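The structure file my_file.tsv is reproduced below (TSV, C-alpha atoms).
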```
chain	number	residue	atom	x	y	z
A	157	MET	CA	0.00	0.00	0.00
A	158	ARG	CA	1.19	3.53	-0.75
A	159	GLN	CA	-0.41	6.71	0.54
A	160	SER	CA	0.78	10.27	0.74
A	161	LEU	CA	-0.52	13.58	1.96
A	162	HIS	CA	-1.45	15.46	-1.21
A	163	ALA	CA	-2.47	18.87	0.11
A	164	VAL	CA	-3.43	20.79	3.22
A	165	THR	CA	-6.05	23.51	2.93
A	166	LEU	CA	-5.09	27.00	4.00
A	167	VAL	CA	-8.07	29.36	4.24
A	168	VAL	CA	-7.16	32.80	2.89
A	169	PRO	CA	-9.08	36.05	2.33
A	170	ASP	CA	-8.15	36.35	-1.35
A	171	TYR	CA	-6.67	33.94	-3.90
A	172	ASP	CA	-4.48	36.45	-5.70
A	173	ASP	CA	-3.03	37.99	-2.52
A	174	ALA	CA	-2.15	34.53	-1.22
A	175	ILE	CA	-0.61	33.47	-4.53
A	176	ALA	CA	1.45	36.68	-4.60
A	177	PHE	CA	2.78	36.13	-1.08
A	178	TYR	CA	3.69	32.49	-1.46
A	179	THR	CA	5.16	32.77	-4.97
A	180	ASN	CA	6.85	36.19	-4.74
A	181	MET	CA	8.00	36.39	-1.13
A	182	LEU	CA	8.69	32.70	-0.52
A	183	SER	CA	9.46	31.49	-4.07
A	184	PHE	CA	6.83	28.76	-3.91
A	185	SER	CA	5.73	27.32	-7.25
A	186	LEU	CA	2.19	27.84	-8.44
A	187	LEU	CA	1.24	24.29	-9.37
A	188	GLN	CA	-2.39	24.81	-10.29
A	189	ASP	CA	-4.85	27.68	-10.62
A	190	ILE	CA	-8.05	26.30	-12.09
A	191	ASP	CA	-11.27	28.32	-12.31
A	192	LEU	CA	-14.09	26.15	-10.99
A	193	GLY	CA	-16.79	28.73	-11.65
A	194	GLY	CA	-18.79	30.83	-9.26
A	195	GLY	CA	-15.68	32.57	-7.94
A	196	LYS	CA	-14.16	29.30	-6.72
A	197	ARG	CA	-10.69	28.18	-7.78
A	198	TRP	CA	-8.45	25.15	-7.23
A	199	VAL	CA	-5.12	26.77	-6.30
A	200	ARG	CA	-2.11	24.74	-5.17
A	201	VAL	CA	1.37	26.00	-4.28
A	202	ALA	CA	4.50	24.21	-3.09
A	203	PRO	CA	7.93	25.21	-1.79
A	204	PRO	CA	10.90	25.06	-4.16
A	205	GLY	CA	12.25	21.53	-4.51
A	206	SER	CA	9.28	20.01	-2.72
A	207	SER	CA	8.56	16.38	-3.42
A	208	GLY	CA	5.66	16.06	-1.04
A	209	GLY	CA	2.54	17.83	0.11
A	210	THR	CA	1.22	21.11	-1.16
A	211	LEU	CA	-0.91	23.97	0.12
A	212	LEU	CA	-4.40	24.26	-1.29
A	213	LEU	CA	-5.28	27.95	-1.03
A	214	ALA	CA	-9.01	28.24	-0.36
A	215	ARG	CA	-10.75	31.62	-0.29
A	216	ALA	CA	-13.07	32.06	2.68
A	217	VAL	CA	-16.66	32.37	1.48
A	218	ASN	CA	-18.64	32.86	4.69
A	219	GLU	CA	-18.28	34.39	8.13
A	220	ILE	CA	-17.29	31.12	9.81
A	221	GLN	CA	-14.46	30.58	7.31
A	222	ARG	CA	-13.38	34.24	7.51
A	223	SER	CA	-13.18	33.95	11.31
A	224	CYS	CA	-10.67	31.08	10.93
A	225	ILE	CA	-8.21	32.96	8.73
A	226	GLY	CA	-4.93	33.10	10.59
A	227	ASN	CA	-6.21	30.93	13.43
A	228	GLN	CA	-6.77	27.59	11.77
A	229	THR	CA	-4.74	25.77	14.42
A	230	GLY	CA	-5.97	27.60	17.51
A	231	GLY	CA	-2.90	29.85	17.75
A	232	ARG	CA	-0.36	27.02	17.54
A	233	VAL	CA	2.27	26.71	14.87
A	234	GLY	CA	0.43	24.69	12.27
A	235	PHE	CA	2.75	24.72	9.28
A	236	PHE	CA	6.40	23.71	8.99
A	237	LEU	CA	8.65	24.85	6.16
A	238	GLU	CA	11.73	22.63	6.08
A	239	THR	CA	14.91	24.01	4.53
A	240	ASP	CA	18.32	22.65	3.62
A	241	ASP	CA	19.96	26.01	4.49
A	242	PHE	CA	18.37	27.81	7.43
A	243	ASN	CA	20.54	30.93	7.31
A	244	ARG	CA	19.98	31.48	3.58
A	245	ASP	CA	16.22	31.16	3.80
A	246	TYR	CA	15.91	33.07	7.07
A	247	GLU	CA	17.76	36.05	5.57
A	248	ASN	CA	15.87	35.89	2.26
A	249	MET	CA	12.56	35.80	4.08
A	250	ARG	CA	13.50	38.71	6.37
A	251	VAL	CA	14.65	40.80	3.40
A	252	ASN	CA	11.33	40.05	1.68
A	253	GLY	CA	9.40	41.36	4.69
A	254	VAL	CA	8.39	38.12	6.39
A	255	HIS	CA	7.65	38.76	10.07
A	256	PHE	CA	9.55	36.46	12.44
A	257	GLU	CA	8.22	36.27	15.99
A	258	GLU	CA	11.60	35.31	17.41
A	259	PRO	CA	15.27	35.04	16.52
A	260	PRO	CA	16.50	31.61	15.39
A	261	ARG	CA	16.89	29.11	18.18
A	262	TYR	CA	18.74	25.82	18.37
A	263	GLU	CA	16.82	22.78	19.55
A	264	PRO	CA	18.00	19.16	19.82
A	265	TYR	CA	16.19	18.42	16.54
A	266	GLY	CA	17.48	21.43	14.59
A	267	THR	CA	17.42	25.18	13.99
A	268	VAL	CA	14.02	26.83	14.07
A	269	ALA	CA	12.27	30.21	14.08
A	270	VAL	CA	8.56	31.00	14.17
A	271	TRP	CA	7.13	33.35	11.53
A	272	ARG	CA	3.69	34.47	10.38
A	273	ASP	CA	2.28	34.74	6.91
A	274	PRO	CA	0.34	37.97	6.15
A	275	PHE	CA	-2.91	36.20	7.03
A	276	GLY	CA	-1.78	35.43	10.59
A	277	ASN	CA	-0.90	31.74	10.26
A	278	ARG	CA	2.06	30.67	12.39
A	279	TRP	CA	4.83	28.68	10.72
A	280	ASP	CA	8.18	27.20	11.69
A	281	LEU	CA	11.14	27.65	9.40
A	282	ILE	CA	13.17	24.60	10.32
A	283	GLN	CA	16.38	22.86	9.37
A	284	PHE	CA	16.68	19.45	11.00
A	285	THR	CA	20.05	18.32	12.34
```
As structure tokens, please, write out the structure in this file.
Amino acid sequence: MRQSLHAVTLVVPDYDDAIAFYTNMLSFSLLQDIDLGGGKRWVRVAPPGSSGGTLLLARAVNEIQRSCIGNQTGGRVGFFLETDDFNRDYENMRVNGVHFEEPPRYEPYGTVAVWRDPFGNRWDLIQFT
């Protein structure tokens, strides 16, 4: 048997703003942007060199969904961006205006720093040891 995690939904206020952030500021690839009609789109992005899961950017369409933007994991870090060069990506992200909540720290499992996307979602930038 073979299974894999294909995508994780990230609720965003606007498709184009989310695409711009992830592709321009983080250099993610836009894998798909398919118009499904009625203002709905199938939009997937992935980090450079990714061989695994993707983010499915889903525009909030009602008040319940809008209330979850930036708080989809109850305030916890819910997304983890693994890198092969922490210092390179940390500096590139800072220069591009990504807000880090803390300076890099060194844990037994690797180097990590928490950052937020412009929608309020908390992420770890992490390089495992």
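Atom CA of A:Val167 is found 11.1 Å from atom CA of A:Asn218.
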| query | What residues have an atom no more than 12 Å from (2.3, 26.0, -6.1) in the file's own frame, counting all atoms listed in the file, and can you write them as a ChimeraX atom specification? | reply | /A:163,174-180,182-190,198-213
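Those residues that approach A:Asp170 to within 10 Å, counting all atoms listed in the file, are A:Ile175, A:Leu213, A:Ala214, A:Arg215, A:Ala216, A:Val217, A:Phe275; same-chain residues fewer than 5 positions away are not listed.
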| query | Looking at only C-alpha atoms, which of A:Phe235, A:Arg197, A:Asp191, A:Pro169 is the one that sits closest to A:Arg222? | reply | A:Pro169
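The smallest atom-to-atom distance between A:Val233 and any of A:Met157, A:Thr165, A:Gly276, A:Tyr171, using only C-alpha atoms, is found for A:Gly276.
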Within 12 Å of stretch 268-271 of chain A, which residues of stretch 204-244 of chain A come that close, and what is the closest atom pair and distance in Å for each? Count all atoms listed in the file and give it as a tab-separated table.
```
residue	atom	partner	partner_atom	distance
A:Arg232	CA	A:Val270	CA	10.3
A:Val233	CA	A:Val270	CA	7.6
A:Gly234	CA	A:Val270	CA	10.5
A:Phe235	CA	A:Val270	CA	9.9
A:Phe236	CA	A:Val270	CA	9.2
A:Leu237	CA	A:Val268	CA	9.8
A:Glu238	CA	A:Val268	CA	9.3
A:Thr239	CA	A:Val268	CA	10.0
A:Asp241	CA	A:Val268	CA	11.3
A:Phe242	CA	A:Val268	CA	8.0
A:Asn243	CA	A:Val268	CA	10.2
```
Would you place a box with edges along x, y and z of the file around all atoms of stretch 204-217 of chain A listed there, add 5 Å to each of its six sides, and report the centre and edge lengths in Å to one decimal, as JSON?
```
{"center_x": -2.2, "center_y": 24.2, "center_z": -0.9, "size_x": 38.9, "size_y": 26.3, "size_z": 17.2}
```
| said: Calculated over all atoms listed in the file, which of the candidates A:Gln221, A:Leu192, A:Asn248, A:Asn227 has the smallest distance to A:Trp279? | reply: A:Asn227
| message | as a ChimeraX atom specification, please: the residues near A:Gly231 (cut-off 8 Å, all atoms listed in the file, same-chain neighbours under 3 positions excluded). | response | /A:227-228,277-278
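Counting from atom CA of A:Pro274, the distance to atom CA of A:Leu161 is 24.8 Å.
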| Coordinates-based distance that separates atom CA of A:Pro260 from atom CA of A:Tyr246 (Å, one decimal) | 8.5 Å
| query | With only C-alpha atoms as the atoms that count, which of A:Thr267, A:Tyr262, A:Asp173, A:Gly194 lies nearest to A:Asp245? | reply | A:Thr267
